[in-house]
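*Asks:* Below are the structure tokens for one structure; questions will follow.
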Amino acid sequence: MDFNLDTDQSIIQKIFNSYIEFLGTSDDVQLETIIDTQNHHYLLVEVGWHNGQRIYGTLLHIDIIDHKLWIQQDGTEEGIADELVALGIPKNRIVLGFKPSDRRQITEFAVS
């Protein structure tokens with residue numbers, strides 16, 4: 001699949017929505033999508049309270065940089081890179097940005 005910004009954004013949102021549906025939300029903890037289409041930042045964050053403790057953290061963070069999807073944070077068990085591939089994003093357009101560049105070289109995904 002060649003680069004198409006609208007398609008990439010749609011795929012990212014589809015993945016985020018599937019995690020929201022799977023994980024659900026409660027009265028105390030919500031999953032929120034933060035989408036900046038102008039600067040191409042996409043985040044899925046947990047916000048709320050659980051047993052008197054503050055919950056706030058980034059579950060997923062993807063940036064689109066130079067036509068590639070940079071996974072900056074992946075807090076899922078399985079990893080979302082394979083989900084992106086299954087939805088049509090080629091491996092050479094996915095960067096595991098949460099790994100050091102020398103470790104990215106030994107993956108099947110893009111280095112940068």
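The chains in the structure tokens are called A, B, ... from first to last as shown; in each chain the residues are counted from 1, and the ligands are counted from 1 in the order shown.
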For the interface of segment 14-49 of chain A with segment 54-75 of chain A (cut-off 7 Å, counting only C-alpha atoms), please tabulate each contacting residue of segment 14-49 of chain A alongside its nearest pair of atoms and their separation in Å to one decimal, rows sorted by chain and increasing number, as a tab-separated table.

*Replies:*
residue	atom	partner	partner_atom	distance
A:His40	CA	A:Ile64	CA	5.3
A:His41	CA	A:Asp63	CA	4.6
A:Tyr42	CA	A:Ile62	CA	5.2
A:Leu43	CA	A:His61	CA	4.4
A:Leu44	CA	A:Leu60	CA	5.0
A:Val45	CA	A:Thr58	CA	4.3
A:Glu46	CA	A:Tyr56	CA	5.3
A:Val47	CA	A:Tyr56	CA	4.6
A:Gly48	CA	A:Ile55	CA	5.0
A:Trp49	CA	A:Arg54	CA	4.6

*Asks:* Take the residues that were just selected and, keeping N, CA and C atoms, output them as a short mmCIF file (atom, residue, chain, number, x, y, z; two decimals), in the first residue's frame.

*Replies:*
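Saved as result27.cif:
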data_model
loop_
_atom_site.label_atom_id
_atom_site.label_comp_id
_atom_site.auth_asym_id
_atom_site.auth_seq_id
_atom_site.Cartn_x
_atom_site.Cartn_y
_atom_site.Cartn_z
N HIS A 40 -0.01 15.23 12.94
CA HIS A 40 0.03 13.77 12.75
C HIS A 40 0.48 13.00 14.00
N HIS A 41 -0.14 13.35 15.13
CA HIS A 41 0.08 12.64 16.40
C HIS A 41 -1.23 11.97 16.80
N TYR A 42 -1.15 10.70 17.23
CA TYR A 42 -2.33 9.92 17.58
C TYR A 42 -2.04 9.17 18.87
N LEU A 43 -2.82 9.46 19.91
CA LEU A 43 -2.59 8.84 21.21
C LEU A 43 -3.87 8.25 21.77
N LEU A 44 -3.71 7.14 22.48
CA LEU A 44 -4.79 6.55 23.25
C LEU A 44 -4.31 6.52 24.69
N VAL A 45 -5.01 7.27 25.56
CA VAL A 45 -4.56 7.42 26.94
C VAL A 45 -5.64 6.94 27.91
N GLU A 46 -5.18 6.48 29.07
CA GLU A 46 -6.06 6.12 30.18
C GLU A 46 -6.07 7.27 31.17
N VAL A 47 -7.26 7.67 31.61
CA VAL A 47 -7.38 8.78 32.55
C VAL A 47 -8.44 8.43 33.58
N GLY A 48 -8.13 8.66 34.85
CA GLY A 48 -9.14 8.48 35.89
C GLY A 48 -8.54 8.11 37.23
N TRP A 49 -9.36 7.45 38.02
CA TRP A 49 -8.99 7.04 39.37
C TRP A 49 -9.39 5.58 39.58
#

*Asks:* Could you pull the residues within 10 Å of Thr107 of chain A, counting only C-alpha atoms, minus those fewer than 5 positions along the same chain, as a PyMOL selection string?

*Replies:* chain A and resi 91+95-96+99+102

*Asks:* Hey, which bits of segment 88-111 of chain A sit within 12 Å of segment 8-28 of chain A, and for each residue what's the closest pair of atoms and how far apart in Å (one decimal), counting only C-alpha atoms, rows by chain and increasing number, as a tab-separated table?

*Replies:*
residue	atom	partner	partner_atom	distance
A:Gly88	CA	A:Ile11	CA	8.6
A:Ile89	CA	A:Asp8	CA	7.9
A:Pro90	CA	A:Asp8	CA	11.2
A:Arg93	CA	A:Asp8	CA	10.6
A:Ile94	CA	A:Asp8	CA	11.1

*Asks:* From segment 23-105 of chain A, collect each residue whose DSSP state is strand (DSSP E or B) and return the set as an MDAnalysis selection string.

*Replies:* chainID A and resid 29:36 41:50 53:65 68:74 94:95

*Asks:* Keeping only C-alpha atoms, write the selected residues to a file as a PDB file, in the first residue's frame.

*Replies:*
ATOM      1  CA  VAL A  29     -11.306   5.275  34.292  1.00  0.00           C
ATOM      2  CA  GLN A  30     -11.772   6.286  30.667  1.00  0.00           C
ATOM      3  CA  LEU A  31      -9.822   5.660  27.509  1.00  0.00           C
ATOM      4  CA  GLU A  32      -9.431   8.824  25.467  1.00  0.00           C
ATOM      5  CA  THR A  33      -8.185   9.329  21.944  1.00  0.00           C
ATOM      6  CA  ILE A  34      -6.076  12.400  21.313  1.00  0.00           C
ATOM      7  CA  ILE A  35      -5.787  13.075  17.606  1.00  0.00           C
ATOM      8  CA  ASP A  36      -3.788  15.932  16.104  1.00  0.00           C
ATOM      9  CA  HIS A  41       0.081  12.640  16.395  1.00  0.00           C
ATOM     10  CA  TYR A  42      -2.331   9.924  17.579  1.00  0.00           C
ATOM     11  CA  LEU A  43      -2.586   8.844  21.214  1.00  0.00           C
ATOM     12  CA  LEU A  44      -4.795   6.546  23.249  1.00  0.00           C
ATOM     13  CA  VAL A  45      -4.564   7.418  26.942  1.00  0.00           C
ATOM     14  CA  GLU A  46      -6.064   6.118  30.182  1.00  0.00           C
ATOM     15  CA  VAL A  47      -7.385   8.782  32.546  1.00  0.00           C
ATOM     16  CA  GLY A  48      -9.140   8.477  35.889  1.00  0.00           C
ATOM     17  CA  TRP A  49      -8.987   7.035  39.367  1.00  0.00           C
ATOM     18  CA  HIS A  50      -8.886   3.453  40.674  1.00  0.00           C
ATOM     19  CA  GLN A  53      -4.963   6.117  42.977  1.00  0.00           C
ATOM     20  CA  ARG A  54      -4.589   8.357  39.953  1.00  0.00           C
ATOM     21  CA  ILE A  55      -4.529   6.567  36.617  1.00  0.00           C
ATOM     22  CA  TYR A  56      -2.917   8.417  33.735  1.00  0.00           C
ATOM     23  CA  GLY A  57      -0.834   6.880  31.021  1.00  0.00           C
ATOM     24  CA  THR A  58      -0.336   6.541  27.327  1.00  0.00           C
ATOM     25  CA  LEU A  59      -1.413   3.139  26.059  1.00  0.00           C
ATOM     26  CA  LEU A  60      -0.669   3.834  22.376  1.00  0.00           C
ATOM     27  CA  HIS A  61       1.134   6.654  20.590  1.00  0.00           C
ATOM     28  CA  ILE A  62       1.669   6.730  16.838  1.00  0.00           C
ATOM     29  CA  ASP A  63       3.155   9.582  14.805  1.00  0.00           C
ATOM     30  CA  ILE A  64       3.166   9.828  11.033  1.00  0.00           C
ATOM     31  CA  ILE A  65       6.621  11.090  10.055  1.00  0.00           C
ATOM     32  CA  LYS A  68       5.906   6.225   7.950  1.00  0.00           C
ATOM     33  CA  LEU A  69       3.982   5.205  11.048  1.00  0.00           C
ATOM     34  CA  TRP A  70       6.235   5.616  14.067  1.00  0.00           C
ATOM     35  CA  ILE A  71       5.004   3.599  17.034  1.00  0.00           C
ATOM     36  CA  GLN A  72       6.297   5.753  19.894  1.00  0.00           C
ATOM     37  CA  GLN A  73       4.521   3.836  22.671  1.00  0.00           C
ATOM     38  CA  ASP A  74       2.896   0.428  22.615  1.00  0.00           C
ATOM     39  CA  ILE A  94       6.230   0.938  10.253  1.00  0.00           C
ATOM     40  CA  VAL A  95       8.956   2.102  12.635  1.00  0.00           C
TER      41      VAL A  95
END
